[in-house]
$ cat upload17.txt   # compact mmCIF, C-alpha atoms
# COMPACT_ATOMS: atom_id res chain seq x y z
CA MET V 220 9.43 -4.28 18.03
CA ASN V 221 7.58 -4.80 14.77
CA THR V 222 4.30 -6.41 13.78
CA LYS V 223 3.55 -9.45 11.66
CA ILE V 224 0.53 -11.48 10.67
CA ILE V 225 0.61 -14.82 12.49
CA GLY V 226 -2.73 -16.23 11.35
CA THR V 227 -5.57 -15.60 8.91
CA GLY V 228 -9.16 -16.81 8.56
CA SER V 229 -12.30 -16.02 6.64
CA ALA V 230 -15.95 -16.97 6.42
CA VAL V 231 -18.69 -16.31 3.90
CA PRO V 232 -22.37 -17.27 3.98
CA SER V 233 -23.19 -20.45 2.04
CA ARG V 234 -25.98 -18.80 0.05
CA VAL V 235 -24.70 -17.71 -3.38
CA LEU V 236 -26.57 -15.13 -5.43
CA ASP V 237 -25.42 -15.01 -9.05
CA ASN V 238 -26.04 -12.39 -11.71
CA ALA V 239 -28.62 -14.54 -13.49
CA GLU V 240 -30.73 -14.68 -10.34
CA LEU V 241 -30.38 -10.91 -9.86
CA SER V 242 -31.73 -10.37 -13.35
CA THR V 243 -34.93 -12.19 -12.39
CA PHE V 244 -35.95 -9.26 -10.18
CA LEU V 245 -33.83 -6.36 -11.48
CA ASP V 246 -33.53 -4.80 -14.93
CA THR V 247 -29.93 -5.93 -15.39
CA SER V 248 -27.98 -8.79 -16.96
CA ASP V 249 -25.01 -11.03 -16.28
CA GLU V 250 -23.15 -9.41 -19.19
CA TRP V 251 -23.79 -5.87 -17.92
CA ILE V 252 -22.64 -6.61 -14.38
CA ARG V 253 -19.68 -8.76 -15.39
CA THR V 254 -18.16 -6.35 -17.92
CA ARG V 255 -18.50 -3.33 -15.64
CA THR V 256 -17.52 -4.85 -12.30
CA GLY V 257 -15.92 -8.28 -12.79
CA ILE V 258 -18.55 -9.79 -10.46
CA ARG V 259 -20.36 -13.04 -11.33
CA SER V 260 -21.79 -13.97 -7.94
CA ARG V 261 -21.71 -12.96 -4.29
CA HIS V 262 -22.38 -14.62 -0.93
CA ILE V 263 -25.46 -13.36 0.88
CA ALA V 264 -26.27 -13.83 4.57
CA GLN V 265 -29.38 -15.80 5.46
CA GLU V 266 -31.97 -14.10 7.58
CA GLY V 267 -30.58 -13.78 11.09
CA GLN V 268 -26.99 -14.40 9.98
CA THR V 269 -25.13 -11.44 11.48
CA ALA V 270 -21.77 -9.72 11.08
CA SER V 271 -20.71 -11.05 14.50
CA ALA V 272 -21.52 -14.65 13.52
CA LEU V 273 -19.39 -14.39 10.35
CA ALA V 274 -16.68 -12.53 12.29
CA ALA V 275 -16.51 -15.25 14.97
CA GLN V 276 -16.18 -17.99 12.33
CA ALA V 277 -13.35 -16.13 10.62
CA ALA V 278 -11.72 -15.43 14.00
CA LYS V 279 -11.72 -19.11 15.02
CA LYS V 280 -9.96 -20.04 11.79
CA ALA V 281 -7.39 -17.25 12.19
CA ILE V 282 -6.62 -18.30 15.77
CA ALA V 283 -6.24 -21.94 14.70
CA ASP V 284 -3.98 -20.86 11.84
CA ALA V 285 -1.86 -18.87 14.29
CA GLY V 286 -1.60 -21.91 16.53
CA ILE V 287 -2.51 -20.00 19.67
CA ALA V 288 -5.30 -20.19 22.27
CA ALA V 289 -8.14 -17.63 22.27
CA GLU V 290 -7.13 -16.67 25.84
CA GLN V 291 -3.88 -15.25 24.47
CA ILE V 292 -5.72 -12.58 22.48
CA GLU V 293 -5.37 -9.24 24.26
CA ALA V 294 -7.54 -7.06 22.01
CA ILE V 295 -10.23 -7.59 19.38
CA ILE V 296 -10.95 -4.84 16.87
CA VAL V 297 -13.77 -5.31 14.38
CA ALA V 298 -14.03 -3.01 11.38
CA THR V 299 -17.65 -2.98 10.23
CA SER V 300 -20.36 -0.72 8.87
CA THR V 301 -23.02 -3.31 9.59
CA PRO V 302 -22.68 -4.17 13.31
CA ASP V 303 -25.31 -6.34 15.02
CA TYR V 304 -25.85 -3.57 17.59
CA ILE V 305 -24.52 -0.05 18.21
CA PHE V 306 -23.48 -1.61 21.53
CA PRO V 307 -22.39 -4.13 22.58
CA SER V 308 -19.73 -3.93 19.91
CA THR V 309 -19.39 -6.69 17.34
CA ALA V 310 -15.98 -7.36 18.92
CA ASN V 311 -17.69 -8.05 22.27
CA LEU V 312 -19.95 -10.62 20.62
CA VAL V 313 -16.94 -12.26 18.96
CA GLN V 314 -15.15 -12.35 22.31
CA GLN V 315 -18.02 -14.26 23.85
CA GLU V 316 -18.28 -16.68 20.96
CA ILE V 317 -14.57 -17.55 20.82
CA GLY V 318 -13.79 -17.31 24.55
CA ALA V 319 -11.12 -14.60 24.35
CA GLU V 320 -11.70 -13.64 27.97
CA ARG V 321 -8.71 -11.33 28.38
CA ALA V 322 -9.35 -9.20 25.33
CA ALA V 323 -10.29 -5.52 25.20
CA CYS V 324 -13.01 -5.20 22.57
CA PHE V 325 -14.27 -2.45 20.28
CA ASP V 326 -15.54 -1.77 16.78
CA LEU V 327 -14.11 0.75 14.38
CA SER V 328 -15.93 2.50 11.57
CA ALA V 329 -14.06 3.61 8.45
CA ALA V 330 -16.27 2.05 5.78
CA CYS V 331 -14.38 0.08 3.14
CA THR V 332 -11.05 1.31 4.56
CA GLY V 333 -12.02 0.03 8.01
CA PHE V 334 -9.84 -3.05 8.00
CA LEU V 335 -6.74 -1.02 7.21
CA TYR V 336 -7.55 1.51 9.93
CA ALA V 337 -8.13 -1.34 12.41
CA MET V 338 -4.85 -3.01 11.45
CA SER V 339 -3.02 0.27 11.97
CA VAL V 340 -4.43 0.55 15.51
CA ALA V 341 -3.34 -3.01 16.31
CA ASP V 342 0.07 -2.32 14.77
CA ALA V 343 0.47 0.75 17.00
CA TYR V 344 -0.56 -1.22 20.14
CA ILE V 345 2.04 -3.87 19.38
CA LYS V 346 4.81 -1.42 18.49
CA ALA V 347 4.11 0.49 21.71
CA GLY V 348 4.42 -2.72 23.71
CA MET V 349 0.87 -2.48 25.05
CA TYR V 350 -0.31 -5.80 23.58
CA LYS V 351 1.43 -8.78 22.03
CA LYS V 352 -1.46 -10.44 20.20
CA VAL V 353 -4.35 -8.60 18.61
CA LEU V 354 -7.24 -10.03 16.59
CA VAL V 355 -8.34 -7.74 13.76
CA ILE V 356 -11.50 -8.53 11.82
CA GLY V 357 -13.38 -6.99 8.90
CA ALA V 358 -16.99 -8.25 8.87
CA GLU V 359 -19.96 -7.07 6.83
CA VAL V 360 -23.51 -8.03 5.94
CA MET V 361 -23.86 -5.43 3.19
CA SER V 362 -26.88 -7.31 1.78
CA GLN V 363 -28.86 -5.97 4.74
CA VAL V 364 -28.11 -2.30 4.02
CA VAL V 365 -28.52 -2.05 0.24
CA ASP V 366 -31.75 -1.23 -1.55
CA TRP V 367 -32.53 -4.37 -3.55
CA LYS V 368 -34.42 -2.23 -6.07
CA ASP V 369 -31.36 -0.01 -6.75
CA ARG V 370 -29.61 -1.86 -9.56
CA SER V 371 -26.68 0.57 -9.62
CA VAL V 372 -25.70 -0.41 -6.07
CA CYS V 373 -27.13 -3.73 -4.88
CA VAL V 374 -25.39 -5.81 -7.57
CA LEU V 375 -21.98 -4.66 -6.29
CA PHE V 376 -22.00 -5.95 -2.74
CA GLY V 377 -21.59 -9.23 -0.92
CA ASP V 378 -21.26 -10.48 2.66
CA GLY V 379 -18.35 -12.03 4.52
CA ALA V 380 -15.71 -11.71 7.20
CA GLY V 381 -11.94 -11.96 7.28
CA ALA V 382 -9.65 -12.01 10.30
CA VAL V 383 -5.97 -11.78 11.07
CA VAL V 384 -4.04 -12.30 14.28
CA LEU V 385 -1.21 -9.80 14.59
CA GLY V 386 1.79 -10.61 16.74
CA GLU V 387 5.26 -9.33 17.52
CA ASP V 388 8.11 -9.62 15.08
CA SER V 389 11.74 -8.86 15.74
CA SER V 390 12.56 -8.50 12.03
CA GLY V 391 10.57 -7.35 9.06
CA LYS V 392 8.60 -4.15 8.76
CA SER V 393 5.10 -2.78 8.79
CA ILE V 394 4.12 0.75 7.96
CA PHE V 395 0.71 2.36 7.63
CA ARG V 396 -0.31 5.67 6.06
CA LEU V 397 -3.96 6.69 6.36
CA HIS V 398 -5.92 9.58 4.87
CA SER V 399 -9.37 11.19 4.91
CA ASP V 400 -11.00 13.91 2.85
CA SER V 401 -14.44 14.85 4.08
CA GLY V 402 -15.07 17.36 1.28
CA SER V 403 -16.71 14.60 -0.74
CA ALA V 404 -18.32 12.89 2.26
CA GLN V 405 -21.70 12.71 0.48
CA ALA V 406 -20.32 10.76 -2.49
CA LEU V 407 -20.72 7.48 -0.58
CA THR V 408 -23.14 7.21 2.31
CA LEU V 409 -25.01 4.71 4.47
CA GLY V 410 -27.52 6.42 6.75
CA LYS V 411 -29.51 5.23 9.74
CA GLU V 412 -32.64 5.22 7.61
CA ASN V 413 -31.13 5.08 4.13
CA ALA V 414 -29.53 2.35 2.10
CA VAL V 415 -26.05 2.67 0.60
CA HIS V 416 -25.92 5.55 -1.84
CA MET V 417 -23.01 6.12 -4.19
CA ASN V 418 -21.91 8.63 -6.81
CA GLY V 419 -20.21 6.10 -9.07
CA ARG V 420 -18.14 8.50 -11.10
CA GLU V 421 -16.87 10.46 -8.12
CA ILE V 422 -15.85 7.28 -6.29
CA PHE V 423 -14.21 5.84 -9.40
CA SER V 424 -12.09 8.97 -9.96
CA PHE V 425 -11.26 9.21 -6.26
CA ALA V 426 -10.04 5.61 -6.04
CA VAL V 427 -8.13 5.63 -9.30
CA ARG V 428 -6.33 8.86 -8.36
CA LYS V 429 -5.77 8.38 -4.62
CA VAL V 430 -4.84 4.71 -4.39
CA PRO V 431 -1.75 4.96 -6.63
CA GLU V 432 -0.61 8.04 -4.65
CA SER V 433 -1.12 6.18 -1.40
CA VAL V 434 0.74 3.09 -2.64
CA LYS V 435 3.65 5.27 -3.75
CA GLU V 436 3.67 6.93 -0.34
CA VAL V 437 4.28 3.67 1.56
CA LEU V 438 6.81 2.53 -1.04
CA GLU V 439 8.78 5.75 -0.60
CA GLU V 440 8.48 5.73 3.19
CA SER V 441 9.86 2.21 3.34
CA GLU V 442 12.41 2.75 0.55
CA THR V 443 10.96 -0.14 -1.40
CA ALA V 444 10.81 -0.41 -5.20
CA LYS V 445 7.45 -1.44 -6.63
CA GLU V 446 9.17 -4.40 -8.30
CA GLN V 447 9.99 -5.80 -4.83
CA VAL V 448 6.30 -6.12 -3.98
CA LYS V 449 4.86 -9.62 -4.39
CA TYR V 450 1.18 -8.66 -4.26
CA PHE V 451 -0.88 -5.50 -4.14
CA ILE V 452 -3.91 -6.53 -2.09
CA LEU V 453 -6.52 -3.87 -2.77
CA HIS V 454 -9.99 -3.40 -1.41
CA GLN V 455 -12.15 -5.38 -3.83
CA ALA V 456 -14.55 -2.71 -5.07
CA ASN V 457 -14.55 -3.24 -8.80
CA ALA V 458 -12.23 -5.12 -11.16
CA ARG V 459 -12.15 -2.27 -13.66
CA MET V 460 -11.07 0.11 -10.90
CA ILE V 461 -8.25 -2.22 -9.85
CA GLU V 462 -7.12 -2.62 -13.47
CA SER V 463 -7.05 1.14 -13.89
CA ILE V 464 -5.05 1.54 -10.65
CA ALA V 465 -2.56 -1.11 -11.82
CA LYS V 466 -2.17 0.74 -15.10
CA ARG V 467 -1.55 4.07 -13.36
CA LEU V 468 1.07 2.44 -11.15
CA ASP V 469 2.61 0.75 -14.18
CA VAL V 470 2.52 -2.62 -12.42
CA PRO V 471 1.29 -5.83 -14.14
CA VAL V 472 -2.32 -6.52 -13.16
CA GLU V 473 -1.29 -10.11 -12.31
CA LYS V 474 0.25 -8.68 -9.13
CA PHE V 475 -3.22 -7.57 -8.03
CA PRO V 476 -5.03 -10.69 -6.81
CA MET V 477 -8.82 -10.43 -7.07
CA ASN V 478 -11.80 -12.39 -5.79
CA LEU V 479 -14.52 -10.03 -6.97
CA GLU V 480 -15.81 -12.63 -9.37
CA THR V 481 -17.19 -14.80 -6.57
CA HIS V 482 -17.46 -12.34 -3.66
CA GLY V 483 -18.41 -8.89 -4.95
CA ASN V 484 -17.50 -5.92 -2.76
CA THR V 485 -17.56 -7.01 0.89
CA SER V 486 -16.50 -3.58 2.20
CA ALA V 487 -14.25 -3.87 5.27
CA ALA V 488 -14.06 -7.66 4.85
CA SER V 489 -12.59 -7.68 1.35
CA ILE V 490 -8.88 -7.30 2.18
CA PRO V 491 -8.68 -9.91 4.97
CA VAL V 492 -10.80 -12.40 3.02
CA LEU V 493 -8.46 -12.09 0.03
CA LEU V 494 -5.40 -12.29 2.27
CA ASP V 495 -6.71 -15.49 3.85
CA GLU V 496 -7.34 -17.02 0.42
CA LEU V 497 -3.75 -16.25 -0.63
CA ASN V 498 -2.42 -17.72 2.61
CA ARG V 499 -4.46 -20.91 2.26
CA GLN V 500 -3.49 -21.31 -1.39
CA ASN V 501 0.16 -21.21 -0.19
CA ARG V 502 0.86 -18.22 -2.41
CA LEU V 503 2.72 -16.35 0.34
CA ILE V 504 6.23 -17.21 1.47
CA PRO V 505 8.33 -15.72 4.29
CA GLY V 506 9.95 -12.47 3.24
CA ASP V 507 7.26 -11.56 0.70
CA VAL V 508 6.53 -7.84 0.62
CA LEU V 509 2.81 -7.06 0.50
CA ILE V 510 0.97 -3.82 0.01
CA LEU V 511 -2.55 -3.56 1.38
CA SER V 512 -4.65 -0.68 0.18
CA GLY V 513 -8.16 0.36 1.17
CA PHE V 514 -10.49 3.14 0.01
CA GLY V 515 -14.12 4.08 0.45
CA GLY V 516 -16.67 6.07 2.41
CA GLY V 517 -15.51 9.08 4.38
CA LEU V 518 -13.91 9.51 1.99
CA SER V 519 -11.12 7.50 3.51
CA TRP V 520 -8.15 5.68 2.10
CA GLY V 521 -4.78 4.33 3.08
CA SER V 522 -2.08 1.76 2.45
CA ALA V 523 0.16 -0.53 4.43
CA LEU V 524 3.40 -2.20 3.51
CA LEU V 525 4.04 -5.46 5.34
CA GLU V 526 6.52 -8.28 5.21
CA TRP V 527 5.03 -11.75 5.38
CA HIS V 528 6.80 -13.76 8.09
CA LYS V 529 4.24 -16.34 9.12
CA MET R 360 -9.54 18.56 -33.35
CA LEU R 361 -6.03 18.13 -32.08
CA GLU R 362 -4.25 14.90 -32.81
CA LYS R 363 -3.39 14.73 -29.12
CA MET R 364 -7.02 14.49 -28.10
CA LYS R 365 -7.73 11.89 -30.76
CA GLU R 366 -4.84 9.89 -29.36
CA ILE R 367 -6.14 10.13 -25.80
CA ILE R 368 -9.61 9.01 -26.83
CA ALA R 369 -8.27 6.16 -28.97
CA GLY R 370 -5.91 5.05 -26.21
CA GLN R 371 -8.50 5.13 -23.44
CA LEU R 372 -11.23 3.44 -25.47
CA ASN R 373 -8.95 0.97 -27.24
CA VAL R 374 -9.99 1.97 -30.74
CA ASN R 375 -8.04 3.09 -33.82
CA ALA R 376 -7.30 6.80 -33.94
CA GLU R 377 -8.72 7.00 -37.50
CA ASP R 378 -12.09 5.81 -36.17
CA VAL R 379 -12.28 8.79 -33.80
CA LYS R 380 -14.20 11.44 -35.73
CA PRO R 381 -15.94 14.55 -34.46
CA GLU R 382 -19.35 12.97 -35.01
CA SER R 383 -18.40 9.66 -33.32
CA ARG R 384 -20.77 8.80 -30.50
CA PHE R 385 -18.90 7.36 -27.51
CA LYS R 386 -21.41 4.68 -26.59
CA GLU R 387 -22.77 3.64 -29.97
CA ASP R 388 -19.80 4.16 -32.31
CA LEU R 389 -16.79 3.74 -30.02
CA ASN R 390 -18.33 1.06 -27.77
CA ALA R 391 -17.57 2.92 -24.55
CA ASP R 392 -19.48 2.03 -21.40
CA SER R 393 -19.91 4.33 -18.41
CA LEU R 394 -16.63 3.26 -16.78
CA ASP R 395 -14.69 3.84 -20.00
CA LEU R 396 -16.10 7.36 -20.01
CA PHE R 397 -15.05 7.90 -16.39
CA GLU R 398 -11.50 6.97 -17.36
CA LEU R 399 -11.56 9.04 -20.52
CA VAL R 400 -12.74 12.10 -18.64
CA MET R 401 -10.05 11.60 -16.02
CA ALA R 402 -7.41 11.41 -18.75
CA LEU R 403 -8.75 14.61 -20.35
CA GLU R 404 -8.89 16.35 -16.98
CA ASP R 405 -5.28 15.40 -16.31
CA GLU R 406 -4.09 16.40 -19.78
CA TYR R 407 -5.88 19.75 -20.01
CA SER R 408 -6.05 20.68 -16.30
CA VAL R 409 -9.83 21.15 -16.33
CA GLU R 410 -12.56 19.69 -14.18
CA ILE R 411 -15.54 18.09 -15.90
CA PRO R 412 -18.39 17.71 -13.36
CA SER R 413 -20.55 14.55 -13.37
CA GLU R 414 -23.65 16.49 -14.51
CA GLU R 415 -21.72 17.70 -17.57
CA LEU R 416 -20.48 14.23 -18.40
CA GLU R 417 -24.02 13.08 -19.17
CA LYS R 418 -24.26 15.72 -21.91
CA LEU R 419 -21.03 14.76 -23.63
CA LEU R 420 -22.28 12.21 -26.13
CA THR R 421 -19.94 12.73 -29.08
CA VAL R 422 -16.31 13.63 -29.64
CA GLN R 423 -17.44 17.07 -30.87
CA ASP R 424 -19.36 17.61 -27.60
CA VAL R 425 -16.10 17.14 -25.70
CA CYS R 426 -14.20 19.49 -28.04
CA ASP R 427 -16.90 22.13 -27.56
CA TYR R 428 -16.89 21.67 -23.79
CA LEU R 429 -13.14 22.08 -23.56
CA LYS R 430 -13.19 25.09 -25.91
CA ASN R 431 -15.87 26.76 -23.79
CA HIS R 432 -13.68 26.22 -20.76
CA GLY R 433 -10.63 27.87 -22.26
CA VAL R 434 -8.92 24.80 -23.68
CA GLU R 435 -7.91 24.89 -27.33
CA ALA R 436 -8.38 21.22 -28.21
$ encode --input "upload17.txt" --output "structure tokens"
Amino acid sequence: MNTKIIGTGSAVPSRVLDNAELSTFLDTSDEWIRTRTGIRSRHIAQEGQTASALAAQAAKKAIADAGIAAEQIEAIIVATSTPDYIFPSTANLVQQEIGAERAACFDLSAACTGFLYAMSVADAYIKAGMYKKVLVIGAEVMSQVVDWKDRSVCVLFGDGAGAVVLGEDSSGKSIFRLHSDSGSAQALTLGKENAVHMNGREIFSFAVRKVPESVKEVLEESETAKEQVKYFILHQANARMIESIAKRLDVPVEKFPMNLETHGNTSAASIPVLLDELNRQNRLIPGDVLILSGFGGGLSWGSALLEWHK
Amino acid sequence: MLEKMKEIIAGQLNVNAEDVKPESRFKEDLNADSLDLFELVMALEDEYSVEIPSEELEKLLTVQDVCDYLKNHGVEA
């Protein structure tokens, strides 16, 4: 048995913070941020708007898109670095909100790679025959964990949630390859008492070197040529990073959809939000080969190759 | 300065090779921002099999600075 995506959904806060507004309280400018990151604006949670609230909104849309009832969901996995509580898990709060009474619920922490790690767990459950329908969500309120005086970091992030329902598939394929290297663990951190801290150069080099390797790994494992891939859906960290990765892979950058311009980096939410946008814009057709690739704190990274059969 | 290095710098920073002179300053003369420099350093690291730490990068302001750095680390550039 294989795994396929049967529904997608996403949700972002209505409040938009653009670069011009940032430059009213930070020594920065629209031009500086735009040319170095590709970001023009980001969605920011209102006070009291939590990761679980965004996650539940995205989940409801994904379940509706899948055309199933919430009671059919057997597990909910939320990838987040900004949970409402340590426990109950964000997944528990989503369960309550959407009425997925049968589901086993837990959160998973792998920073910006979290969604890919969570998908791989769901994929393994389904392939093992343990569950038939799993809800996987990436949800973040990064605006609540950045230092709004640190112009090198706070301008990069945004808030949002994306969800997918994974189900069984008799055809198609799905493969995941995940990695971690804790030698550079301090290059990207979020502490209990400290805001997000990042060594920009180290993270840039790491992503630009490791992501192409990781993409090639899943291509080789699945005996797929890069030309057969419709879209490379990368974690949306920085447009310049994605352009550099595309160049290293020798793949046209047009095959790397981006939504950084209006969302910024939403950490674990970035991949499912982008995937949902592609789905709703009808840019995906059955049989399309997709590569999903995440990278971030840990350091952690990984890629998946999936066939779209919704 | 080796032609090869001039080529790498010109290619990474999207400038003409003849504009890359030893005294050229990356930021002011070659219009490189911090991310361009990250990429340039990665390309040099790959080409010459050296590692240029982040603290060193801040001191490399001109093309000559990079030549000197590489020379001091056993690379004949």
$ interface_residues --input "upload17.txt" --of "chain V" --to "chain R" --cutoff "10 Å" --atoms "all atoms listed in the file" --output "list of chain:residue names"
V:Trp251, V:Thr254, V:Arg255, V:Thr256, V:Asn418, V:Gly419, V:Arg420, V:Glu421, V:Phe423, V:Ser424, V:Val427, V:Arg428, V:Arg459, V:Met460, V:Ser463
$ residues_around --input "upload17.txt" --residues "region 382-386 of chain V" --least-positions-apart "2" --cutoff "6 Å" --atoms "only C-alpha atoms" --output "MDAnalysis selection string"
chainID V and resid 222:228 277:278 281 351:356 491
$ closest_residue --input "upload17.txt" --among "V:Ala288, V:Ala404, V:Ala337, V:Leu397" --to "Glu436 (chain V)" --atoms "only C-alpha atoms"
V:Leu397
$ residues_around --input "upload17.txt" --residues "region 423-431 of chain R" --least-positions-apart "5" --cutoff "10 Å" --atoms "all atoms listed in the file" --output "PyMOL selection string"
chain R and resi 360-361+364+380-384+400+403-404+407+409-411+415-416+418+436
$ atom_distance --input "upload17.txt" --atom1 "CA of Val372 (chain V)" --atom2 "CA of Ala274 (chain V)"
23.8 Å
$ atom_distance --input "upload17.txt" --atom1 "CA of Val235 (chain V)" --atom2 "CA of His262 (chain V)"
4.6 Å
$ atom_distance --input "upload17.txt" --atom1 "CA of Asn390 (chain R)" --atom2 "CA of Lys368 (chain V)"
27.2 Å
